[in-house]
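Input: a single structure, listed below in structure tokens.
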Number of protein chains: 2
Amino acid sequence: MTKALQFTQSIRAWMDVFMHRSMRGWGLFAKSTGLSMPQFSLMMQLHYRGACGMSEISERFEVTPAAASQLVDKLVQNGYIVREEDPSDRRAKLLNLTDKGKETILQGIEERYRWVDQLAERLTDEERVQVSKALDIMTRAAEGLESKPARQGQPSIKSTYSIHK
Amino acid sequence: MTKALQFTQSIRAWMDVFMHRSMRGWGLFAKSTGLSMPQFSLMMQLHYRGACGMSEISERFEVTPAAASQLVDKLVQNGYIVREEDPSDRRAKLLNLTDKGKETILQGIEERYRWVDQLAERLTDEERVQVSKALDIMTRAAEGLESKPARQGQPSIKSTYSIHK
DNA sequence: CTTTTTAGTTAAGCAGACTTAAATATATGC
DNA sequence: GCATATATTTAAGTCTGCTTAACTAAAAAG
């Protein structure tokens with residue numbers, strides 16, 4: 001029981017530090033590009049999950065199709081994404097990152113990683129190995145958590161980085 | 001060098017999973033309470049750093065005093081915080097969480113922790129010990145990173161959870 | 001005391017992210 | 001083929017968060 005408590009405290013301490021930092025980093029980056037959070041999130045989606053249609057965006061972000069369309073519109077106007085016609089369904093559009101868009105989000109991702117890279121530099125080789133193993137354990141456990149409930153027919157969760165109220 | 005790479009990959013994988021989850025959790029919670037992100041962040045500040053005046057809020061969040069005042073206003077109207085007069089300076093106000101406010105953010109924090117608690121349940125005792133140690137290493141290293149640059153007279157960073165563009 | 005800072009508020013106005021409602025174009029079902 | 005359903009856009013209007021500018025009140029400086 002003490003071990004469980006110890007674990008809880010360790011992870012909470014880490015979460016506090018980590019969230020604090022990465023939120024700040026992210027915010028600063030978004031600010032520097034002039035992108036809003038929803039805009040950035042939308043681009044992240046396209047990056048991680050590939051091209052998709054409007055309706056998929058509106059479902060994932062849990063907003064109306066109208067909202068999705070408008071959000072996309074701004075990104076298109078600013079040259080971050082393109083709205084192409086879906087060859088298999090001429091009603092639908094296929095959203096894709098432009099080169100500018102790709103570059104921007106890659107930069108954003110780098111930004112988010114930069115801090116932990118600095119952090120890595122402050123560890124000894126031995127510590128790095130230890131931490132690395134531990135994180136792999138956590139990542140595996142997390143992936144298990146994600147997939148488990150889905151199998152039991154519970155409603156699966158759709159949105160990804162949807163933080164916008 | 002391979003060890004460094006291994007570490008980098010482990011932490012990046014973890015970050016992706018972790019950010020994904022905790023952002024979602026946070027967003028859902030904020031939605032359920034009806035609080036916006038800046039409002040929630042402001043309350044987090046009061047929780048973690050205690051009562052403070054308007055000017056401090058406006059500095060930490062990097063917004064004008066007017067914006068801070070208006071933000072606070074809504075929270076006061078909704079009964080989350082109180083604006084008391086500072087006895088030592090009658091121009092200044094002291095912002096404090098109400099019981100309702102305290103309860104709400106404690107719930108929010110719990111929400112954020114819930115997922116990792118579930119995660120902990122999926123680990124063996126041995127794994128928990130291992131992870132716990134690793135996270136402590138990281139937390140210490142992170143704290144070192146925070147304080148180091150300050151000593152060298154570089155501009156210190158003020159804002160905490162300021163994500164709002 | 002009077003002047004000047006400092007702390008905070010109020011008002012007017014803008015932009016972003018939503019919403020609903022109505023419109024358009026294409027697929028699909030019978 | 002025609003009615004209906006689907007994918008998306010446009011328009012109008014709301015709410016939030018922010019900004020600047022003007023204002024009040026109290027503290028500090030002289």
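Residues in the structure tokens are named by chain (A, B, ... in the order shown) and by number from 1 within that chain; ligands are numbered from 1 in the order shown.
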
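Residues with any atom within 10 Å of Pro65 in chain A, counting only C-alpha atoms (C1' of nucleotides) and excluding same-chain neighbours fewer than 2 positions away, are Met54, Ser55, Glu56, Ile57, Ser58, Glu59, Phe61, Glu62, Val63, Ala67, Ala68, Ser69, Gln70 and Leu71 of chain A; DA7, DT8 and DT9 of chain D.
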
For those residues, write N, CA and C atoms (P, O5', C5', C4', C3', O3' and C1' of nucleotides) to a file as a CSV table (one decimal), in the first residue's frame.
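selection-v8.csv, freshly written:
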chain,number,residue,atom,x,y,z
A,54,MET,N,-14.5,17.0,-44.0
A,54,MET,CA,-15.1,18.0,-43.0
A,54,MET,C,-15.9,17.3,-41.9
A,55,SER,N,-16.7,16.4,-42.3
A,55,SER,CA,-17.6,15.7,-41.3
A,55,SER,C,-16.8,15.1,-40.2
A,56,GLU,N,-15.7,14.5,-40.6
A,56,GLU,CA,-14.8,13.8,-39.6
A,56,GLU,C,-14.3,14.8,-38.6
A,57,ILE,N,-13.9,16.0,-39.2
A,57,ILE,CA,-13.4,17.0,-38.3
A,57,ILE,C,-14.5,17.4,-37.3
A,58,SER,N,-15.6,17.6,-37.8
A,58,SER,CA,-16.7,18.1,-36.9
A,58,SER,C,-17.0,17.1,-35.9
A,59,GLU,N,-16.9,15.8,-36.2
A,59,GLU,CA,-17.2,14.8,-35.2
A,59,GLU,C,-16.1,14.7,-34.2
A,61,PHE,N,-14.0,16.9,-33.2
A,61,PHE,CA,-13.9,18.1,-32.4
A,61,PHE,C,-15.2,18.4,-31.7
A,62,GLU,N,-16.2,17.6,-32.0
A,62,GLU,CA,-17.5,17.8,-31.4
A,62,GLU,C,-18.1,19.2,-31.6
A,63,VAL,N,-18.0,19.7,-32.8
A,63,VAL,CA,-18.6,20.9,-33.2
A,63,VAL,C,-19.5,20.7,-34.4
A,67,ALA,N,-19.2,25.0,-38.0
A,67,ALA,CA,-18.0,25.5,-37.3
A,67,ALA,C,-16.7,24.9,-37.9
A,68,ALA,N,-16.8,23.7,-38.2
A,68,ALA,CA,-15.6,23.0,-38.8
A,68,ALA,C,-15.2,23.7,-40.1
A,69,SER,N,-16.3,24.0,-40.9
A,69,SER,CA,-16.0,24.6,-42.2
A,69,SER,C,-15.4,26.0,-42.0
A,70,GLN,N,-15.8,26.7,-41.1
A,70,GLN,CA,-15.3,28.1,-40.9
A,70,GLN,C,-13.9,28.0,-40.4
A,71,LEU,N,-13.6,27.1,-39.5
A,71,LEU,CA,-12.3,26.9,-38.9
A,71,LEU,C,-11.3,26.6,-40.0
D,7,DA,P,-22.1,12.1,-45.1
D,7,DA,O5',-21.8,13.4,-46.0
D,7,DA,C5',-21.1,13.2,-47.2
D,7,DA,C4',-20.5,14.6,-47.6
D,7,DA,C3',-19.8,15.3,-46.5
D,7,DA,O3',-18.6,15.9,-47.0
D,7,DA,C1',-21.5,16.6,-47.2
D,8,DT,P,-17.5,16.6,-46.0
D,8,DT,O5',-18.0,18.1,-46.2
D,8,DT,C5',-18.0,18.7,-47.5
D,8,DT,C4',-18.8,20.0,-47.6
D,8,DT,C3',-18.2,21.1,-46.7
D,8,DT,O3',-17.5,21.9,-47.5
D,8,DT,C1',-20.6,21.1,-47.0
D,9,DT,P,-16.8,23.3,-46.9
D,9,DT,O5',-18.0,24.3,-47.2
D,9,DT,C5',-18.4,24.5,-48.6
D,9,DT,C4',-19.5,25.6,-48.7
D,9,DT,C3',-19.1,26.9,-48.1
D,9,DT,O3',-19.4,27.9,-49.0
D,9,DT,C1',-21.2,26.2,-47.2

Can you pull out every residue from range 41-163 of chain A that DSSP, working from the backbone, puts in strand (DSSP E or B), and format the result as number ranges by chain? A: 52, 81-85, 93-97

Show me which bits of chain B are within 8 Å of chain A, counting only C-alpha atoms, as a PyMOL selection string. chain B and resi 3-4+6-8+10-14+17+20-21+23-24+26-28+30-31+34-37+113+116-117+119-120+122-123+125+127-139+141-143+145+159-165

Generate a file of the selected residues that holds C-alpha atoms, formatted as a PDB file, in the first residue's frame.
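result-v2.pdb written:
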ATOM      1  CA  LYS B   3      21.087   5.226 -25.322  1.00  0.00           C
ATOM      2  CA  ALA B   4      20.296   8.868 -25.846  1.00  0.00           C
ATOM      3  CA  GLN B   6      16.414   5.286 -26.962  1.00  0.00           C
ATOM      4  CA  PHE B   7      15.620   7.734 -24.240  1.00  0.00           C
ATOM      5  CA  THR B   8      14.367  10.329 -26.674  1.00  0.00           C
ATOM      6  CA  SER B  10      10.697   6.610 -25.022  1.00  0.00           C
ATOM      7  CA  ILE B  11       9.919  10.024 -23.697  1.00  0.00           C
ATOM      8  CA  ARG B  12       8.387  11.216 -26.922  1.00  0.00           C
ATOM      9  CA  ALA B  13       6.102   8.222 -27.103  1.00  0.00           C
ATOM     10  CA  TRP B  14       5.061   8.835 -23.538  1.00  0.00           C
ATOM     11  CA  VAL B  17       0.074   9.441 -25.122  1.00  0.00           C
ATOM     12  CA  HIS B  20      -3.396  13.347 -25.669  1.00  0.00           C
ATOM     13  CA  ARG B  21      -5.110  11.941 -22.636  1.00  0.00           C
ATOM     14  CA  MET B  23      -5.731  17.388 -22.589  1.00  0.00           C
ATOM     15  CA  ARG B  24      -8.879  15.503 -23.318  1.00  0.00           C
ATOM     16  CA  TRP B  26      -9.072  18.557 -18.904  1.00  0.00           C
ATOM     17  CA  GLY B  27     -11.205  19.751 -21.777  1.00  0.00           C
ATOM     18  CA  LEU B  28     -14.082  17.504 -20.806  1.00  0.00           C
ATOM     19  CA  ALA B  30     -13.853  22.317 -18.183  1.00  0.00           C
ATOM     20  CA  LYS B  31     -16.825  21.735 -20.441  1.00  0.00           C
ATOM     21  CA  GLY B  34     -18.937  25.561 -17.939  1.00  0.00           C
ATOM     22  CA  LEU B  35     -15.610  27.190 -17.129  1.00  0.00           C
ATOM     23  CA  SER B  36     -13.434  28.453 -19.936  1.00  0.00           C
ATOM     24  CA  MET B  37      -9.768  27.661 -20.071  1.00  0.00           C
ATOM     25  CA  TYR B 113      -5.127  12.378 -11.906  1.00  0.00           C
ATOM     26  CA  VAL B 116      -2.929   7.853 -14.239  1.00  0.00           C
ATOM     27  CA  ASP B 117      -4.361   6.195 -11.171  1.00  0.00           C
ATOM     28  CA  LEU B 119      -2.824   3.309 -15.186  1.00  0.00           C
ATOM     29  CA  ALA B 120      -1.065   2.502 -11.942  1.00  0.00           C
ATOM     30  CA  ARG B 122      -2.255  -2.032 -14.455  1.00  0.00           C
ATOM     31  CA  LEU B 123       1.309  -2.252 -13.224  1.00  0.00           C
ATOM     32  CA  ASP B 125       4.480  -3.812  -7.754  1.00  0.00           C
ATOM     33  CA  GLU B 127       6.984  -1.883 -12.158  1.00  0.00           C
ATOM     34  CA  ARG B 128       5.481   0.689  -9.865  1.00  0.00           C
ATOM     35  CA  VAL B 129       8.701   0.968  -7.939  1.00  0.00           C
ATOM     36  CA  GLN B 130      10.692   1.288 -11.116  1.00  0.00           C
ATOM     37  CA  VAL B 131       8.439   3.939 -12.598  1.00  0.00           C
ATOM     38  CA  SER B 132       8.236   5.821  -9.369  1.00  0.00           C
ATOM     39  CA  LYS B 133      12.001   6.113  -9.159  1.00  0.00           C
ATOM     40  CA  ALA B 134      12.283   7.181 -12.750  1.00  0.00           C
ATOM     41  CA  LEU B 135       9.676   9.893 -12.383  1.00  0.00           C
ATOM     42  CA  ASP B 136      11.397  11.258  -9.335  1.00  0.00           C
ATOM     43  CA  ILE B 137      14.582  11.501 -11.327  1.00  0.00           C
ATOM     44  CA  MET B 138      12.747  13.417 -14.020  1.00  0.00           C
ATOM     45  CA  THR B 139      10.991  15.718 -11.608  1.00  0.00           C
ATOM     46  CA  ALA B 141      15.921  17.231 -13.228  1.00  0.00           C
ATOM     47  CA  ALA B 142      13.022  19.406 -14.309  1.00  0.00           C
ATOM     48  CA  GLU B 143      13.212  21.463 -11.172  1.00  0.00           C
ATOM     49  CA  LEU B 145      16.160  23.183 -15.282  1.00  0.00           C
ATOM     50  CA  SER B 159       3.084  32.681 -16.478  1.00  0.00           C
ATOM     51  CA  THR B 160       1.979  29.283 -15.329  1.00  0.00           C
ATOM     52  CA  TYR B 161      -0.836  27.643 -17.202  1.00  0.00           C
ATOM     53  CA  SER B 162      -1.247  30.528 -19.612  1.00  0.00           C
ATOM     54  CA  ILE B 163      -2.284  28.760 -22.744  1.00  0.00           C
ATOM     55  CA  HIS B 164      -4.683  31.388 -23.899  1.00  0.00           C
ATOM     56  CA  LYS B 165      -3.131  32.985 -26.912  1.00  0.00           C
TER      57      LYS B 165
END

For chain D against chain B, with a cut-off of 10 Å and counting only C-alpha atoms (C1' of nucleotides), what is the closest atom pair and its distance in Å to one decimal for every residue that makes the cut, ordered by chain and number, as a tab-separated table?
residue	atom	partner	partner_atom	distance
D:DT16	C1'	B:Ser36	CA	8.5
D:DG17	C1'	B:Ala67	CA	7.5
D:DC18	C1'	B:Ala67	CA	6.4
D:DT19	C1'	B:Thr64	CA	7.9
D:DT20	C1'	B:Ala66	CA	9.8
D:DA25	C1'	B:Arg91	CA	6.8
D:DA26	C1'	B:Arg91	CA	5.4
D:DA27	C1'	B:Asp89	CA	7.7

Could you do a least-squares fit of chain A on chain B over every C-alpha atom, in sequence order, and give the output as a PDB file with C-alpha atoms, in the first residue's frame?
ATOM      1  CA  MET A   1      24.587   7.740 -28.345  1.00  0.00           C
ATOM      2  CA  THR A   2      22.144   4.938 -28.904  1.00  0.00           C
ATOM      3  CA  LYS A   3      21.115   5.275 -25.317  1.00  0.00           C
ATOM      4  CA  ALA A   4      20.331   8.946 -25.790  1.00  0.00           C
ATOM      5  CA  LEU A   5      18.248   8.116 -28.829  1.00  0.00           C
ATOM      6  CA  GLN A   6      16.463   5.373 -26.978  1.00  0.00           C
ATOM      7  CA  PHE A   7      15.668   7.795 -24.229  1.00  0.00           C
ATOM      8  CA  THR A   8      14.420  10.433 -26.625  1.00  0.00           C
ATOM      9  CA  GLN A   9      12.092   8.007 -28.292  1.00  0.00           C
ATOM     10  CA  SER A  10      10.727   6.707 -25.035  1.00  0.00           C
ATOM     11  CA  ILE A  11       9.958  10.082 -23.666  1.00  0.00           C
ATOM     12  CA  ARG A  12       8.431  11.335 -26.877  1.00  0.00           C
ATOM     13  CA  ALA A  13       6.146   8.360 -27.097  1.00  0.00           C
ATOM     14  CA  TRP A  14       5.100   8.907 -23.538  1.00  0.00           C
ATOM     15  CA  MET A  15       4.555  12.610 -24.054  1.00  0.00           C
ATOM     16  CA  ASP A  16       2.309  11.972 -27.008  1.00  0.00           C
ATOM     17  CA  VAL A  17       0.110   9.554 -25.126  1.00  0.00           C
ATOM     18  CA  PHE A  18       0.116  11.587 -21.987  1.00  0.00           C
ATOM     19  CA  MET A  19      -0.622  14.958 -23.555  1.00  0.00           C
ATOM     20  CA  HIS A  20      -3.337  13.467 -25.654  1.00  0.00           C
ATOM     21  CA  ARG A  21      -5.084  12.017 -22.642  1.00  0.00           C
ATOM     22  CA  SER A  22      -4.683  14.754 -20.166  1.00  0.00           C
ATOM     23  CA  MET A  23      -5.726  17.460 -22.561  1.00  0.00           C
ATOM     24  CA  ARG A  24      -8.869  15.565 -23.317  1.00  0.00           C
ATOM     25  CA  GLY A  25      -9.596  14.977 -19.660  1.00  0.00           C
ATOM     26  CA  TRP A  26      -9.074  18.569 -18.852  1.00  0.00           C
ATOM     27  CA  GLY A  27     -11.204  19.784 -21.705  1.00  0.00           C
ATOM     28  CA  LEU A  28     -14.062  17.518 -20.764  1.00  0.00           C
ATOM     29  CA  PHE A  29     -13.925  18.634 -17.185  1.00  0.00           C
ATOM     30  CA  ALA A  30     -13.870  22.321 -18.097  1.00  0.00           C
ATOM     31  CA  LYS A  31     -16.810  21.726 -20.389  1.00  0.00           C
ATOM     32  CA  SER A  32     -18.765  19.964 -17.666  1.00  0.00           C
ATOM     33  CA  THR A  33     -18.335  22.850 -15.249  1.00  0.00           C
ATOM     34  CA  GLY A  34     -18.996  25.520 -17.841  1.00  0.00           C
ATOM     35  CA  LEU A  35     -15.658  27.146 -17.068  1.00  0.00           C
ATOM     36  CA  SER A  36     -13.514  28.399 -19.878  1.00  0.00           C
ATOM     37  CA  MET A  37      -9.839  27.601 -20.033  1.00  0.00           C
ATOM     38  CA  PRO A  38      -8.660  31.025 -18.857  1.00  0.00           C
ATOM     39  CA  GLN A  39     -11.144  30.920 -16.010  1.00  0.00           C
ATOM     40  CA  PHE A  40      -9.958  27.509 -14.974  1.00  0.00           C
ATOM     41  CA  SER A  41      -6.315  28.546 -15.242  1.00  0.00           C
ATOM     42  CA  LEU A  42      -6.916  31.580 -13.109  1.00  0.00           C
ATOM     43  CA  MET A  43      -8.444  29.455 -10.405  1.00  0.00           C
ATOM     44  CA  MET A  44      -5.557  27.008 -10.632  1.00  0.00           C
ATOM     45  CA  GLN A  45      -3.210  29.914 -10.016  1.00  0.00           C
ATOM     46  CA  LEU A  46      -5.079  30.957  -6.928  1.00  0.00           C
ATOM     47  CA  HIS A  47      -5.039  27.386  -5.726  1.00  0.00           C
ATOM     48  CA  TYR A  48      -1.355  26.721  -6.279  1.00  0.00           C
ATOM     49  CA  ARG A  49       0.025  30.142  -5.454  1.00  0.00           C
ATOM     50  CA  GLY A  50      -2.507  31.521  -3.026  1.00  0.00           C
ATOM     51  CA  ALA A  51      -4.388  34.787  -2.881  1.00  0.00           C
ATOM     52  CA  CYS A  52      -3.052  37.679  -4.916  1.00  0.00           C
ATOM     53  CA  GLY A  53      -4.003  41.006  -6.407  1.00  0.00           C
ATOM     54  CA  MET A  54      -5.288  41.937  -9.833  1.00  0.00           C
ATOM     55  CA  SER A  55      -1.979  43.237 -11.082  1.00  0.00           C
ATOM     56  CA  GLU A  56      -0.312  39.948 -10.315  1.00  0.00           C
ATOM     57  CA  ILE A  57      -2.905  38.108 -12.333  1.00  0.00           C
ATOM     58  CA  SER A  58      -2.468  40.424 -15.243  1.00  0.00           C
ATOM     59  CA  GLU A  59       1.311  39.957 -15.153  1.00  0.00           C
ATOM     60  CA  ARG A  60       1.222  36.185 -14.859  1.00  0.00           C
ATOM     61  CA  PHE A  61      -1.248  35.798 -17.674  1.00  0.00           C
ATOM     62  CA  GLU A  62       0.342  38.503 -19.734  1.00  0.00           C
ATOM     63  CA  VAL A  63      -2.865  40.393 -20.330  1.00  0.00           C
ATOM     64  CA  THR A  64      -3.881  43.962 -19.556  1.00  0.00           C
ATOM     65  CA  PRO A  65      -5.239  44.779 -16.090  1.00  0.00           C
ATOM     66  CA  ALA A  66      -8.575  45.443 -17.755  1.00  0.00           C
ATOM     67  CA  ALA A  67      -8.717  41.919 -19.123  1.00  0.00           C
ATOM     68  CA  ALA A  68      -7.804  40.474 -15.749  1.00  0.00           C
ATOM     69  CA  SER A  69     -10.474  42.514 -14.065  1.00  0.00           C
ATOM     70  CA  GLN A  70     -13.133  41.315 -16.471  1.00  0.00           C
ATOM     71  CA  LEU A  71     -12.060  37.714 -16.216  1.00  0.00           C
ATOM     72  CA  VAL A  72     -12.187  37.911 -12.440  1.00  0.00           C
ATOM     73  CA  ASP A  73     -15.549  39.580 -12.637  1.00  0.00           C
ATOM     74  CA  LYS A  74     -17.168  36.584 -14.252  1.00  0.00           C
ATOM     75  CA  LEU A  75     -15.701  34.229 -11.711  1.00  0.00           C
ATOM     76  CA  VAL A  76     -16.930  36.455  -8.902  1.00  0.00           C
ATOM     77  CA  GLN A  77     -20.403  36.612 -10.422  1.00  0.00           C
ATOM     78  CA  ASN A  78     -20.476  32.848 -10.607  1.00  0.00           C
ATOM     79  CA  GLY A  79     -19.353  32.482  -7.014  1.00  0.00           C
ATOM     80  CA  TYR A  80     -15.964  30.864  -7.647  1.00  0.00           C
ATOM     81  CA  ILE A  81     -13.797  33.594  -6.191  1.00  0.00           C
ATOM     82  CA  VAL A  82     -14.105  36.660  -3.992  1.00  0.00           C
ATOM     83  CA  ARG A  83     -12.581  40.073  -4.417  1.00  0.00           C
ATOM     84  CA  GLU A  84     -11.637  41.386  -0.985  1.00  0.00           C
ATOM     85  CA  GLU A  85     -10.035  44.647  -0.101  1.00  0.00           C
ATOM     86  CA  ASP A  86      -6.359  44.448   0.754  1.00  0.00           C
ATOM     87  CA  PRO A  87      -6.091  45.837   4.288  1.00  0.00           C
ATOM     88  CA  SER A  88      -2.573  47.104   3.701  1.00  0.00           C
ATOM     89  CA  ASP A  89      -3.428  48.955   0.480  1.00  0.00           C
ATOM     90  CA  ARG A  90      -6.945  50.068  -0.080  1.00  0.00           C
ATOM     91  CA  ARG A  91      -6.458  50.435  -3.823  1.00  0.00           C
ATOM     92  CA  ALA A  92      -5.621  46.766  -4.206  1.00  0.00           C
ATOM     93  CA  LYS A  93      -7.867  43.734  -4.081  1.00  0.00           C
ATOM     94  CA  LEU A  94      -7.118  40.301  -2.778  1.00  0.00           C
ATOM     95  CA  LEU A  95      -8.475  37.471  -4.862  1.00  0.00           C
ATOM     96  CA  ASN A  96      -9.418  34.302  -3.072  1.00  0.00           C
ATOM     97  CA  LEU A  97     -11.148  31.083  -3.995  1.00  0.00           C
ATOM     98  CA  THR A  98     -14.530  30.550  -2.390  1.00  0.00           C
ATOM     99  CA  ASP A  99     -15.421  27.116  -1.036  1.00  0.00           C
ATOM    100  CA  LYS A 100     -17.223  26.454  -4.279  1.00  0.00           C
ATOM    101  CA  GLY A 101     -14.130  27.511  -6.170  1.00  0.00           C
ATOM    102  CA  LYS A 102     -11.830  25.335  -4.095  1.00  0.00           C
ATOM    103  CA  GLU A 103     -14.050  22.349  -4.496  1.00  0.00           C
ATOM    104  CA  THR A 104     -14.275  22.798  -8.221  1.00  0.00           C
ATOM    105  CA  ILE A 105     -10.583  22.981  -8.848  1.00  0.00           C
ATOM    106  CA  LEU A 106      -9.871  20.080  -6.503  1.00  0.00           C
ATOM    107  CA  GLN A 107     -12.314  18.087  -8.576  1.00  0.00           C
ATOM    108  CA  GLY A 108     -10.537  19.231 -11.714  1.00  0.00           C
ATOM    109  CA  ILE A 109      -7.217  18.112 -10.339  1.00  0.00           C
ATOM    110  CA  GLU A 110      -8.673  14.746  -9.335  1.00  0.00           C
ATOM    111  CA  GLU A 111     -10.032  14.380 -12.818  1.00  0.00           C
ATOM    112  CA  ARG A 112      -6.603  14.897 -14.243  1.00  0.00           C
ATOM    113  CA  TYR A 113      -5.134  12.324 -11.919  1.00  0.00           C
ATOM    114  CA  ARG A 114      -7.816   9.718 -12.426  1.00  0.00           C
ATOM    115  CA  TRP A 115      -6.449   8.386 -15.619  1.00  0.00           C
ATOM    116  CA  VAL A 116      -2.950   7.812 -14.291  1.00  0.00           C
ATOM    117  CA  ASP A 117      -4.396   6.124 -11.258  1.00  0.00           C
ATOM    118  CA  GLN A 118      -6.115   3.653 -13.544  1.00  0.00           C
ATOM    119  CA  LEU A 119      -2.856   3.279 -15.302  1.00  0.00           C
ATOM    120  CA  ALA A 120      -1.112   2.447 -12.055  1.00  0.00           C
ATOM    121  CA  GLU A 121      -3.530  -0.382 -11.514  1.00  0.00           C
ATOM    122  CA  ARG A 122      -2.293  -2.061 -14.624  1.00  0.00           C
ATOM    123  CA  LEU A 123       1.267  -2.297 -13.383  1.00  0.00           C
ATOM    124  CA  THR A 124       2.911  -4.915 -11.220  1.00  0.00           C
ATOM    125  CA  ASP A 125       4.404  -3.907  -7.900  1.00  0.00           C
ATOM    126  CA  GLU A 126       7.848  -4.135  -9.350  1.00  0.00           C
ATOM    127  CA  GLU A 127       6.953  -1.942 -12.272  1.00  0.00           C
ATOM    128  CA  ARG A 128       5.446   0.613  -9.974  1.00  0.00           C
ATOM    129  CA  VAL A 129       8.654   0.882  -8.022  1.00  0.00           C
ATOM    130  CA  GLN A 130      10.656   1.223 -11.185  1.00  0.00           C
ATOM    131  CA  VAL A 131       8.381   3.886 -12.643  1.00  0.00           C
ATOM    132  CA  SER A 132       8.184   5.734  -9.395  1.00  0.00           C
ATOM    133  CA  LYS A 133      11.957   6.023  -9.173  1.00  0.00           C
ATOM    134  CA  ALA A 134      12.239   7.130 -12.760  1.00  0.00           C
ATOM    135  CA  LEU A 135       9.634   9.837 -12.361  1.00  0.00           C
ATOM    136  CA  ASP A 136      11.352  11.156  -9.285  1.00  0.00           C
ATOM    137  CA  ILE A 137      14.553  11.427 -11.260  1.00  0.00           C
ATOM    138  CA  MET A 138      12.729  13.376 -13.941  1.00  0.00           C
ATOM    139  CA  THR A 139      10.968  15.652 -11.522  1.00  0.00           C
ATOM    140  CA  ARG A 140      14.220  16.496  -9.799  1.00  0.00           C
ATOM    141  CA  ALA A 141      15.901  17.157 -13.115  1.00  0.00           C
ATOM    142  CA  ALA A 142      13.004  19.341 -14.173  1.00  0.00           C
ATOM    143  CA  GLU A 143      13.180  21.375 -11.026  1.00  0.00           C
ATOM    144  CA  GLY A 144      16.869  21.871 -11.616  1.00  0.00           C
ATOM    145  CA  LEU A 145      16.145  23.133 -15.100  1.00  0.00           C
ATOM    146  CA  GLU A 146      13.625  25.640 -13.814  1.00  0.00           C
ATOM    147  CA  SER A 147      15.850  27.180 -11.212  1.00  0.00           C
ATOM    148  CA  LYS A 148      19.190  27.138 -13.020  1.00  0.00           C
ATOM    149  CA  PRO A 149      18.661  29.798 -15.670  1.00  0.00           C
ATOM    150  CA  ALA A 150      17.141  32.199 -13.159  1.00  0.00           C
ATOM    151  CA  ARG A 151      20.426  32.380 -11.298  1.00  0.00           C
ATOM    152  CA  GLN A 152      22.185  33.564 -14.431  1.00  0.00           C
ATOM    153  CA  GLY A 153      20.115  36.709 -14.552  1.00  0.00           C
ATOM    154  CA  GLN A 154      18.032  35.669 -17.517  1.00  0.00           C
ATOM    155  CA  PRO A 155      14.480  36.922 -17.629  1.00  0.00           C
ATOM    156  CA  SER A 156      12.425  34.603 -15.520  1.00  0.00           C
ATOM    157  CA  ILE A 157       9.215  33.239 -16.886  1.00  0.00           C
ATOM    158  CA  LYS A 158       6.097  34.283 -15.118  1.00  0.00           C
ATOM    159  CA  SER A 159       3.023  32.675 -16.503  1.00  0.00           C
ATOM    160  CA  THR A 160       1.935  29.288 -15.360  1.00  0.00           C
ATOM    161  CA  TYR A 161      -0.881  27.614 -17.186  1.00  0.00           C
ATOM    162  CA  SER A 162      -1.358  30.439 -19.616  1.00  0.00           C
ATOM    163  CA  ILE A 163      -2.346  28.643 -22.762  1.00  0.00           C
ATOM    164  CA  HIS A 164      -4.769  31.242 -23.975  1.00  0.00           C
ATOM    165  CA  LYS A 165      -3.322  32.690 -27.114  1.00  0.00           C
TER     166      LYS A 165
END

Write out as number ranges by chain every residue belonging to chain C that has an atom at most 10 Å from any atom of chain A, counting only C-alpha atoms (C1' of nucleotides). C: 16-20, 25-27

Would you output that residue set with C-alpha atoms (C1' of nucleotides), as a PDB file, in the first residue's frame?
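Writing the result to again.pdb gives the following:
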ATOM      1  C1'  DG C  16     -12.307  34.126 -32.832  1.00  0.00           C
ATOM      2  C1'  DA C  17     -15.157  30.127 -32.092  1.00  0.00           C
ATOM      3  C1'  DC C  18     -19.469  28.741 -31.640  1.00  0.00           C
ATOM      4  C1'  DT C  19     -24.565  28.132 -32.845  1.00  0.00           C
ATOM      5  C1'  DT C  20     -28.921  27.755 -35.707  1.00  0.00           C
ATOM      6  C1'  DA C  25     -24.880  19.991 -54.786  1.00  0.00           C
ATOM      7  C1'  DT C  26     -24.279  15.189 -55.016  1.00  0.00           C
ATOM      8  C1'  DA C  27     -25.466  10.256 -53.631  1.00  0.00           C
TER       9       DA C  27
END

What lies within 10 Å of DA12 in chain C using only C-alpha atoms (C1' of nucleotides), ignoring chain neighbours under 2 positions off, as a list in words?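 Skipping anything fewer than 2 positions along the chain leaves DT10 and DC14 of chain C; DT20 and DA21 of chain D.
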
Could you write those residues out with C-alpha atoms (C1' of nucleotides), as a PDB file, in the first residue's frame?
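Below you can see again.pdb, which holds the result:
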ATOM      1  C1'  DT C  10     -15.571  50.808 -16.943  1.00  0.00           C
ATOM      2  C1'  DC C  14     -12.604  43.923 -32.396  1.00  0.00           C
TER       3       DC C  14
ATOM      4  C1'  DT D  20      -7.115  50.834 -25.835  1.00  0.00           C
ATOM      5  C1'  DA D  21      -8.601  54.931 -23.574  1.00  0.00           C
TER       6       DA D  21
END

Identify all residues of range 49-144 of chain B in alpha helix (DSSP H) (DSSP on the backbone) and supply them as an NGL selection string. :B and (49 or 54-60 or 65-77 or 99-121 or 125-144)

Might you pull out every residue within 12 Å of DG29 in chain C, with only C-alpha atoms (C1' of nucleotides) counted and same-chain residues fewer than 3 positions away left off, and present them as a PyMOL selection string? chain D and resi 1-5

Quote the spacing between C1' of DC30 in chain C and C1' of DT6 in chain D in Å to one decimal place.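 These two atoms are separated by 17.4 Å.
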
One-decimal distance in Å that lies between C1' of DT3 in chain C and C1' of DG30 in chain D: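 Computed distance, C1' of DG30 in chain D to C1' of DT3 in chain C, equals 7.9 Å.
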